[in-house]
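Asker: Provided herewith is a single structure, encoded as structure tokens, for subsequent inquiry.
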Number of protein chains: 2
Amino acid sequence: MSKTVQIALGDVKPLALSILSSFGYGPNHADAIAQMLTTCQLDDCHSHGLFRLFMCIESIKAGKIDGQVEPEISDESTGIVRADARRGMSLLAMEAAIPMLIDKAREHGIAALAINRCFHFSALWPEVERLSNEGLAAMAMVPSHAWVAPAGGTRGTLGTNPLAFSWPRQGTTPFTFDFATSAFARGEIELYKRAGKSLPDGVAIDAEGNPTNDPGAALQGAMLTFGGHKGSALSIMIELMAGPLIDDLTSLESMAYAQGKGGAPYHGEIMLAFDPVRFSGGNRADNDARAERLFADIIDQGARLPSQRRYAARARNLERGYVEIASSLYEDLLALRAWATTRARQKRSGA
Amino acid sequence: MSKTVQIALGDVKPLALSILSSFGYGPNHADAIAQMLTTCQLDDCHSHGLFRLFMCIESIKAGKIDGQVEPEISDESTGIVRADARRGMSLLAMEAAIPMLIDKAREHGIAALAINRCFHFSALWPEVERLSNEGLAAMAMVPSHAWVAPAGGTRGTLGTNPLAFSWPRQGTTPFTFDFATSAFARGEIELYKRAGKSLPDGVAIDAEGNPTNDPGAALQGAMLTFGGHKGSALSIMIELMAGPLIDDLTSLESMAYAQGKGGAPYHGEIMLAFDPVRFSGGNRADNDARAERLFADIIDQGARLPSQRRYAARARNLERGYVEIASSLYEDLLALRAWATTRARQKRSGA
């Protein structure tokens, strides 16, 4: 493993906050984003932890995101909460709307949250896991950019379109998963390119629509979905549910909107919440027990439940009181903060 | 192709009805089942068409299903309809409950139907497609029997656990898919065995949990999910949503309940319905248009939307006025009907 740095648990969020604030995120947005990065970093989910500060900063430097705007939450119908992020990052809108989503799910049994007009960079598992911590089952879906070809296609149309799901368990961490419907994450292909490695079969096509193992050609072409035509169908479902259903952009539209610029993509997100108490017919304990027997049978045969590596990392990091990140990442973050501090000083002195 | 027989469209349902009735399905159940078989046969969905009469008859001959019972529909909460099939086949319960599901979805934006204590043999696409014909988006999930190993596992724990989804389109057939989360359908493996062919890699494991290409060993062992750990996670989600969430059996429990006997498995089903009007923020036409641009981009690159083969078969069969089934299937069905008629005559004469 490359060189690492230990950051005390209490220092992770302040580090993120200081960088976010110095680049123009107001206190509410900075807090929501820093909390999400801290949650991911605690679980050693490096791809969506402090590393994502660069995307957050790139996005606000590009003038795309409003770092100050307050979301508008509306009670759209008995079963639907709408959170208009108003061109802010998704997380503050999610934070503001989630209490109403929980209330509606508990009252009616099932409810949906449509987050609109948001920039989005974050993992979905913390959001569904949070609903499970309130005793609810939950699903979440987002589009992204049109980097992924449909089964039988020749070019990018679909997003990496993750699906996250969580199921509440008594006295232990929830059953939670969060996977991209693309065969690989886009970042993985970039890592293959940097390492000069060939991609496995079935991951990507080149710009002419032919299968390729060359990560460079893949980045010029398109990724494929996992699981062939089934994964492709699932990805299209996610486009529809988190786009046209909730009055927001498809991955094609989000990509066109971005005009080739980097940063977080702009689109919507849908979350669904289900109350096992309301669905249980009065037999909640029996139903919990049958879910636990299912999990036990999976574990008993040596298979792993999703998220177990993440939960183990969380327990370890909580126990030892720090997270470990790559030294190079830490240095880049400090440089980013120093740059912002210098710039702020220059601005104050009128330079 | 093997020899086929043409059955006039108007004769398909009566053929199914006569067989179902003669084996003890009351008029309401016989009608609901015959309608489903006819819908599938019209689309050349042979695996879930008239062929399934054998499973329906096997189930009722085994004394498992109540062919007369009326389902009980209850308004469980604002967002949940419950249909207790009371040990009848699922379809009559679904028929009886779907108007309330539609009403709830239209009124509240989102709603769920939990079908409990049902025997289940049918494809899910006709049910979600039907909701789309009412202008709704829809999902449906069911467990089955524990024939499928979780990723990294050595034995069957999960069902073939299909996921169906449908999206309503203006002036044309819906975007609809319905796929098993197992890599292969169980029937496909049986066909490989009968044909003496080897299975592809990644489809099954033997009774010791080792990968196998031998269909016989696969039937003794377990199937695998499509898409590795992602398909496995999705399959577990379907177990939870269509089992413990709605107060019904997992595939493990359903298999134990069946005690090795054949026929339709006994468990629950969940359907979710979403009203695009309620979710649209008043922009339904714009959202329909963006979904259509997505479909057009997929088709434009030579990829196929799911269900297109089925819709083409439907159009062709409606045009020519008949469906075509294998002669051997038709002869078996006639023999089944003749046997029932003879038995009924014997019973009447006191033999």
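Note on naming: chains are A, B, ... as they come in the structure tokens, residues start from 1 per chain, ligands start from 1 in the order shown.
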Which neighbours of Arg310 of chain A fall inside 9 Å, counting only C-alpha atoms, when residues of the same chain fewer than 2 positions from it are skipped, and could you give them as a PyMOL selection string?

Answerer: chain A and resi 42-45+306-308+312-315

Asker: Could you please take those selected residues and save C-alpha atoms as an mmCIF file, in the first residue's frame?

Answerer:
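Here's the written file part.cif:
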```cif
data_model
loop_
_atom_site.group_PDB
_atom_site.id
_atom_site.type_symbol
_atom_site.label_atom_id
_atom_site.label_comp_id
_atom_site.auth_asym_id
_atom_site.auth_seq_id
_atom_site.Cartn_x
_atom_site.Cartn_y
_atom_site.Cartn_z
ATOM 1 C CA LEU A 42 -15.434 6.689 8.102
ATOM 2 C CA ASP A 43 -16.378 3.550 6.126
ATOM 3 C CA ASP A 44 -13.171 3.687 4.016
ATOM 4 C CA CYS A 45 -15.372 4.450 1.022
ATOM 5 C CA PRO A 306 -23.291 -6.424 0.775
ATOM 6 C CA SER A 307 -21.652 -3.611 2.794
ATOM 7 C CA GLN A 308 -19.929 -5.941 5.268
ATOM 8 C CA ALA A 312 -16.056 -3.612 9.296
ATOM 9 C CA ALA A 313 -14.057 -0.530 8.304
ATOM 10 C CA ARG A 314 -16.464 1.669 10.246
ATOM 11 C CA ALA A 315 -16.105 -0.439 13.393
#
```

Asker: I want to know what sits within 9 Å of Arg155 of chain A, based on only C-alpha atoms, with residues of the same chain fewer than 4 positions away left out; could you give that as a list in words?

Answerer: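 Residues meeting the cut-off are Ala146, Trp147, Val148, Ala149, Pro150, Ile205, Asp206, Ala207, Glu208, Gly209, Gly221, Ala222 and Met223 of chain A; Ile298 and Gln301 of chain B.
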
Asker: How about saving the chosen residues, all heavy atoms kept, as an mmCIF file, in the first residue's frame?

Answerer:
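Listing of again_14.cif after writing:
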```cif
data_model
loop_
_atom_site.group_PDB
_atom_site.id
_atom_site.type_symbol
_atom_site.label_atom_id
_atom_site.label_comp_id
_atom_site.auth_asym_id
_atom_site.auth_seq_id
_atom_site.Cartn_x
_atom_site.Cartn_y
_atom_site.Cartn_z
ATOM 1 N N ALA A 146 -24.347 10.478 -19.984
ATOM 2 C CA ALA A 146 -24.603 9.411 -20.960
ATOM 3 C C ALA A 146 -23.315 8.729 -21.412
ATOM 4 O O ALA A 146 -22.917 8.822 -22.567
ATOM 5 C CB ALA A 146 -25.375 9.989 -22.149
ATOM 6 N N TRP A 147 -22.707 8.010 -20.480
ATOM 7 C CA TRP A 147 -21.437 7.332 -20.742
ATOM 8 C C TRP A 147 -21.612 5.848 -21.050
ATOM 9 O O TRP A 147 -20.645 5.160 -21.340
ATOM 10 C CB TRP A 147 -20.537 7.421 -19.490
ATOM 11 C CG TRP A 147 -20.023 8.770 -19.167
ATOM 12 C CD1 TRP A 147 -19.418 9.638 -20.035
ATOM 13 C CD2 TRP A 147 -20.009 9.418 -17.883
ATOM 14 N NE1 TRP A 147 -19.041 10.788 -19.365
ATOM 15 C CE2 TRP A 147 -19.389 10.674 -18.049
ATOM 16 C CE3 TRP A 147 -20.460 9.053 -16.606
ATOM 17 C CZ2 TRP A 147 -19.203 11.576 -16.992
ATOM 18 C CZ3 TRP A 147 -20.287 9.936 -15.554
ATOM 19 C CH2 TRP A 147 -19.664 11.184 -15.753
ATOM 20 N N VAL A 148 -22.819 5.328 -20.891
ATOM 21 C CA VAL A 148 -23.030 3.876 -20.907
ATOM 22 C C VAL A 148 -23.973 3.503 -22.058
ATOM 23 O O VAL A 148 -25.058 4.079 -22.193
ATOM 24 C CB VAL A 148 -23.624 3.405 -19.561
ATOM 25 C CG1 VAL A 148 -23.818 1.898 -19.558
ATOM 26 C CG2 VAL A 148 -22.732 3.836 -18.398
ATOM 27 N N ALA A 149 -23.536 2.538 -22.871
ATOM 28 C CA ALA A 149 -24.356 2.111 -24.009
ATOM 29 C C ALA A 149 -25.428 1.127 -23.546
ATOM 30 O O ALA A 149 -25.177 0.294 -22.681
ATOM 31 C CB ALA A 149 -23.483 1.449 -25.065
ATOM 32 N N PRO A 150 -26.622 1.194 -24.146
ATOM 33 C CA PRO A 150 -27.623 0.154 -23.868
ATOM 34 C C PRO A 150 -27.184 -1.160 -24.511
ATOM 35 O O PRO A 150 -26.366 -1.145 -25.435
ATOM 36 C CB PRO A 150 -28.882 0.707 -24.548
ATOM 37 C CG PRO A 150 -28.374 1.585 -25.647
ATOM 38 C CD PRO A 150 -27.085 2.176 -25.142
ATOM 39 N N ILE A 205 -16.997 -0.383 -25.019
ATOM 40 C CA ILE A 205 -16.862 -0.362 -26.472
ATOM 41 C C ILE A 205 -16.110 0.903 -26.871
ATOM 42 O O ILE A 205 -16.072 1.877 -26.110
ATOM 43 C CB ILE A 205 -18.244 -0.403 -27.183
ATOM 44 C CG1 ILE A 205 -19.181 0.684 -26.630
ATOM 45 C CG2 ILE A 205 -18.883 -1.777 -27.023
ATOM 46 C CD1 ILE A 205 -20.531 0.750 -27.323
ATOM 47 N N ASP A 206 -15.492 0.886 -28.075
ATOM 48 C CA ASP A 206 -14.756 2.069 -28.532
ATOM 49 C C ASP A 206 -15.713 3.034 -29.249
ATOM 50 O O ASP A 206 -16.930 2.803 -29.299
ATOM 51 C CB ASP A 206 -13.562 1.657 -29.407
ATOM 52 C CG ASP A 206 -13.994 0.979 -30.702
ATOM 53 O OD1 ASP A 206 -15.171 1.127 -31.124
ATOM 54 O OD2 ASP A 206 -13.152 0.280 -31.297
ATOM 55 N N ALA A 207 -15.151 4.086 -29.795
ATOM 56 C CA ALA A 207 -15.981 5.134 -30.404
ATOM 57 C C ALA A 207 -16.747 4.637 -31.626
ATOM 58 O O ALA A 207 -17.731 5.238 -32.042
ATOM 59 C CB ALA A 207 -15.114 6.336 -30.772
ATOM 60 N N GLU A 208 -16.281 3.515 -32.210
ATOM 61 C CA GLU A 208 -17.009 2.923 -33.344
ATOM 62 C C GLU A 208 -18.051 1.905 -32.886
ATOM 63 O O GLU A 208 -18.714 1.272 -33.711
ATOM 64 C CB GLU A 208 -16.034 2.247 -34.321
ATOM 65 C CG GLU A 208 -15.366 3.219 -35.298
ATOM 66 C CD GLU A 208 -14.346 4.106 -34.592
ATOM 67 O OE1 GLU A 208 -13.499 3.556 -33.858
ATOM 68 O OE2 GLU A 208 -14.434 5.344 -34.737
ATOM 69 N N GLY A 209 -18.123 1.685 -31.581
ATOM 70 C CA GLY A 209 -19.116 0.745 -31.068
ATOM 71 C C GLY A 209 -18.623 -0.683 -31.020
ATOM 72 O O GLY A 209 -19.407 -1.606 -30.767
ATOM 73 N N GLY A 221 -15.091 5.930 -26.111
ATOM 74 C CA GLY A 221 -16.296 5.242 -26.561
ATOM 75 C C GLY A 221 -17.364 5.264 -25.490
ATOM 76 O O GLY A 221 -17.801 6.338 -25.070
ATOM 77 N N ALA A 222 -17.747 4.096 -25.035
ATOM 78 C CA ALA A 222 -18.791 4.015 -24.001
ATOM 79 C C ALA A 222 -18.570 2.797 -23.126
ATOM 80 O O ALA A 222 -17.957 1.820 -23.542
ATOM 81 C CB ALA A 222 -20.179 3.945 -24.644
ATOM 82 N N MET A 223 -19.066 2.878 -21.910
ATOM 83 C CA MET A 223 -19.055 1.728 -21.019
ATOM 84 C C MET A 223 -20.265 0.857 -21.354
ATOM 85 O O MET A 223 -21.205 1.294 -22.012
ATOM 86 C CB MET A 223 -19.129 2.207 -19.576
ATOM 87 C CG MET A 223 -17.924 3.047 -19.173
ATOM 88 S SD MET A 223 -17.912 3.375 -17.395
ATOM 89 C CE MET A 223 -19.039 4.759 -17.337
ATOM 90 N N ILE B 298 -31.912 5.156 -28.091
ATOM 91 C CA ILE B 298 -31.567 3.734 -27.966
ATOM 92 C C ILE B 298 -31.832 3.023 -29.295
ATOM 93 O O ILE B 298 -30.989 2.285 -29.812
ATOM 94 C CB ILE B 298 -32.373 3.092 -26.811
ATOM 95 C CG1 ILE B 298 -31.894 3.672 -25.471
ATOM 96 C CG2 ILE B 298 -32.241 1.573 -26.832
ATOM 97 C CD1 ILE B 298 -32.760 3.312 -24.276
ATOM 98 N N GLN B 301 -29.482 3.720 -32.440
ATOM 99 C CA GLN B 301 -28.171 3.072 -32.543
ATOM 100 C C GLN B 301 -28.295 1.565 -32.773
ATOM 101 O O GLN B 301 -27.318 0.827 -32.636
ATOM 102 C CB GLN B 301 -27.321 3.371 -31.311
ATOM 103 C CG GLN B 301 -27.912 2.957 -29.986
ATOM 104 C CD GLN B 301 -27.136 3.510 -28.784
ATOM 105 O OE1 GLN B 301 -26.037 3.070 -28.514
ATOM 106 N NE2 GLN B 301 -27.725 4.461 -28.100
#
```

Asker: Counting only C-alpha atoms, what is within 8 Å of segment 51-67 of chain A, bar same-chain residues fewer than 5 positions away, as a list in words?

Answerer: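 That gives Ala16, Ile19, Leu20, Phe23, Gly24, Tyr25, Gly26, His29, Leu37, His46, Arg86, Arg87, Gly88, Met89, Phe119, Phe121, Gly262, Gly263, Ala264 and Leu329 of chain A.
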
Asker: Filtering to C-alpha atoms, could you give me those residues as a PDB file, in the first residue's frame?

Answerer:
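And here's selection.pdb as it stands now:
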```
ATOM      1  CA  ALA A  16     -13.806  19.264   4.648  1.00  0.00           C
ATOM      2  CA  ILE A  19     -12.134  23.749   2.248  1.00  0.00           C
ATOM      3  CA  LEU A  20     -15.784  23.925   1.218  1.00  0.00           C
ATOM      4  CA  PHE A  23     -14.409  28.077  -1.929  1.00  0.00           C
ATOM      5  CA  GLY A  24     -17.807  29.641  -1.504  1.00  0.00           C
ATOM      6  CA  TYR A  25     -20.155  27.029  -0.110  1.00  0.00           C
ATOM      7  CA  GLY A  26     -22.386  28.677   2.494  1.00  0.00           C
ATOM      8  CA  HIS A  29     -24.318  23.450   2.076  1.00  0.00           C
ATOM      9  CA  LEU A  37     -17.828  13.056   2.966  1.00  0.00           C
ATOM     10  CA  HIS A  46     -12.468   6.386  -0.462  1.00  0.00           C
ATOM     11  CA  ARG A  86     -32.578  25.219  -7.074  1.00  0.00           C
ATOM     12  CA  ARG A  87     -29.212  24.514  -8.656  1.00  0.00           C
ATOM     13  CA  GLY A  88     -27.518  23.703  -5.374  1.00  0.00           C
ATOM     14  CA  MET A  89     -25.799  20.466  -4.414  1.00  0.00           C
ATOM     15  CA  PHE A 119     -25.904  18.850  -8.696  1.00  0.00           C
ATOM     16  CA  PHE A 121     -21.714  13.723  -6.588  1.00  0.00           C
ATOM     17  CA  GLY A 262     -16.331  18.634 -15.592  1.00  0.00           C
ATOM     18  CA  GLY A 263     -17.711  18.770 -12.083  1.00  0.00           C
ATOM     19  CA  ALA A 264     -20.793  17.186 -10.606  1.00  0.00           C
ATOM     20  CA  LEU A 329      -4.577  12.972  -1.210  1.00  0.00           C
TER      21      LEU A 329
END
```

Asker: As a PyMOL selection string, please: the residues near Pro276 of chain B (cut-off 8 Å, only C-alpha atoms, same-chain neighbours under 3 positions excluded).

Answerer: (chain A and resi 245-246) or (chain B and resi 109+135-137+279-280+284)

Asker: For the selection you just gave me, I'd like the residues written to a file as a CSV table (one decimal), in the first residue's frame, keeping C-alpha atoms.

Answerer:
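Printed below is again-v1.csv as written:
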```csv
chain,number,residue,atom,x,y,z
A,245,LEU,CA,-41.1,10.5,-13.8
A,246,ILE,CA,-40.0,13.2,-11.5
B,109,GLY,CA,-48.9,9.6,-6.4
B,135,GLY,CA,-51.2,5.6,-17.4
B,136,LEU,CA,-49.1,4.5,-14.5
B,137,ALA,CA,-45.4,3.4,-14.1
B,279,PHE,CA,-44.9,13.3,-10.0
B,280,SER,CA,-44.7,15.6,-13.0
B,284,ARG,CA,-46.3,15.7,-18.0
```

Asker: Pick out the closest residue to chain A from this set: B:Asp332, B:Glu269, B:Glu239, B:Glu188. Count only C-alpha atoms.

Answerer: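 Nearest to chain A: B:Glu239.
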
Asker: According to DSSP computed on the backbone, where in segment 34-98 of chain A is there strand (DSSP E or B)? Give the residues as a PyMOL selection string.

Answerer: chain A and resi 72-77+80-89

Asker: Compile the residues of chain B that lie within 8 Å of chain A, evaluated using only C-alpha atoms, and express the compilation as JSON, numbers by chain.

Answerer: {"B": [76, 77, 78, 79, 80, 107, 108, 109, 110, 111, 112, 114, 150, 151, 152, 153, 154, 155, 157, 165, 167, 177, 179, 226, 227, 228, 230, 231, 233, 237, 240, 244, 245, 246, 247, 248, 249, 250, 252, 276, 278, 279, 280, 281, 283, 284, 286, 287, 288, 290, 291, 294, 297, 298, 301, 302, 303, 304, 306]}

Asker: In Å, with one decimal, what is the gap from atom CA of His145 of chain B to atom CA of Tyr257 of chain B?

Answerer: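 Rounded to one decimal, the two atoms are 9.8 Å apart.
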
Asker: Using the chain letters and numbers from this document, which residues of segment 263-346 of chain A does DSSP assign to alpha helix (DSSP H), as a PyMOL selection string?

Answerer: chain A and resi 276-279+284-300+308-320+327-346

Asker: If you count only C-alpha atoms, which residues fall within 12 Å of Ala195 of chain B, apart from same-chain ones fewer than 4 positions away, as a list in words?

Answerer: Glu188, Ile189, Glu190, Leu191, Leu199, Asp214, Pro215 and Gly216 of chain B

Asker: Pick the closest to His120 of chain A from A:Leu91, A:Ala217, A:Ile73, A:Ala138: which is it, counting only C-alpha atoms?

Answerer: A:Leu91

Asker: Mind giving me the straight-line distance from atom CA of Leu17 of chain A to atom CA of Leu101 of chain A in Å, one decimal?

Answerer: 26.9 Å

Asker: Write out as a compact mmCIF listing (two decimals) with N, CA, C and O atoms, in the first residue's frame which residues come within 10 Å of Ser18 of chain A when counting only C-alpha atoms, dropping same-chain ones fewer than 3 positions away.

Answerer:
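Generated file (out.txt):
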```txt
# COMPACT_ATOMS: atom_id res chain seq x y z
N LYS A 13 -14.36 16.12 9.41
CA LYS A 13 -15.39 17.06 8.97
C LYS A 13 -14.88 18.50 8.97
O LYS A 13 -15.12 19.22 7.98
N PRO A 14 -14.15 18.94 10.02
CA PRO A 14 -13.61 20.31 9.98
C PRO A 14 -12.70 20.56 8.77
O PRO A 14 -12.74 21.64 8.17
N LEU A 15 -11.90 19.55 8.41
CA LEU A 15 -11.04 19.70 7.22
C LEU A 15 -11.89 19.95 5.98
O LEU A 15 -11.64 20.88 5.19
N SER A 21 -15.95 25.85 2.70
CA SER A 21 -16.30 27.23 3.02
C SER A 21 -15.41 28.21 2.28
O SER A 21 -15.88 29.23 1.77
N SER A 22 -14.14 27.87 2.21
CA SER A 22 -13.22 28.84 1.60
C SER A 22 -13.43 28.95 0.10
O SER A 22 -12.98 29.91 -0.52
N PHE A 23 -14.14 27.99 -0.49
CA PHE A 23 -14.41 28.08 -1.93
C PHE A 23 -15.83 28.55 -2.22
O PHE A 23 -16.28 28.45 -3.36
N TYR A 25 -18.94 27.70 -0.57
CA TYR A 25 -20.15 27.03 -0.11
C TYR A 25 -20.60 27.68 1.20
O TYR A 25 -19.80 27.80 2.14
N ALA A 30 -22.10 23.62 3.05
CA ALA A 30 -20.80 23.07 3.47
C ALA A 30 -21.01 21.99 4.53
O ALA A 30 -20.37 20.93 4.48
N ASP A 31 -21.93 22.24 5.44
CA ASP A 31 -22.17 21.25 6.49
C ASP A 31 -22.74 19.95 5.92
O ASP A 31 -22.30 18.86 6.28
N ALA A 34 -19.93 18.22 3.90
CA ALA A 34 -18.86 17.72 4.77
C ALA A 34 -19.33 16.51 5.57
O ALA A 34 -18.57 15.56 5.80
N ARG A 337 -6.45 23.95 0.45
CA ARG A 337 -6.85 24.86 1.52
C ARG A 337 -5.91 26.07 1.59
O ARG A 337 -6.35 27.20 1.75
N ALA A 340 -6.70 28.47 -1.14
CA ALA A 340 -7.91 29.24 -0.86
C ALA A 340 -7.63 30.32 0.18
O ALA A 340 -8.13 31.46 0.08
N THR A 341 -6.83 29.97 1.18
CA THR A 341 -6.53 30.93 2.24
C THR A 341 -5.75 32.11 1.67
O THR A 341 -6.05 33.28 1.96
```

Asker: Find the residue from B:Asn317, B:Asn210, B:Asn28, B:Thr173 that sits nearest to Arg130 of chain B; use only C-alpha atoms when measuring.

Answerer: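 The shortest atom-to-atom distance to Arg130 of chain B comes from B:Thr173.
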
Asker: Neighbouring residues of Asp201 of chain A were defined as those with any atom within 9 Å, considering only C-alpha atoms; residues of the same chain fewer than 2 positions away were excluded. Please report them as a list in words.

Answerer: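 The residues satisfying every condition are Leu199, Val203, Ala204, Pro211, Thr212 and Asn213 of chain A.
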
Asker: Work out how far atom CA of Glu70 of chain B is from atom CA of Leu92 of chain B, in Å to one decimal.

Answerer: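 Calculated distance between atom CA of Leu92 of chain B and atom CA of Glu70 of chain B is 7.8 Å.
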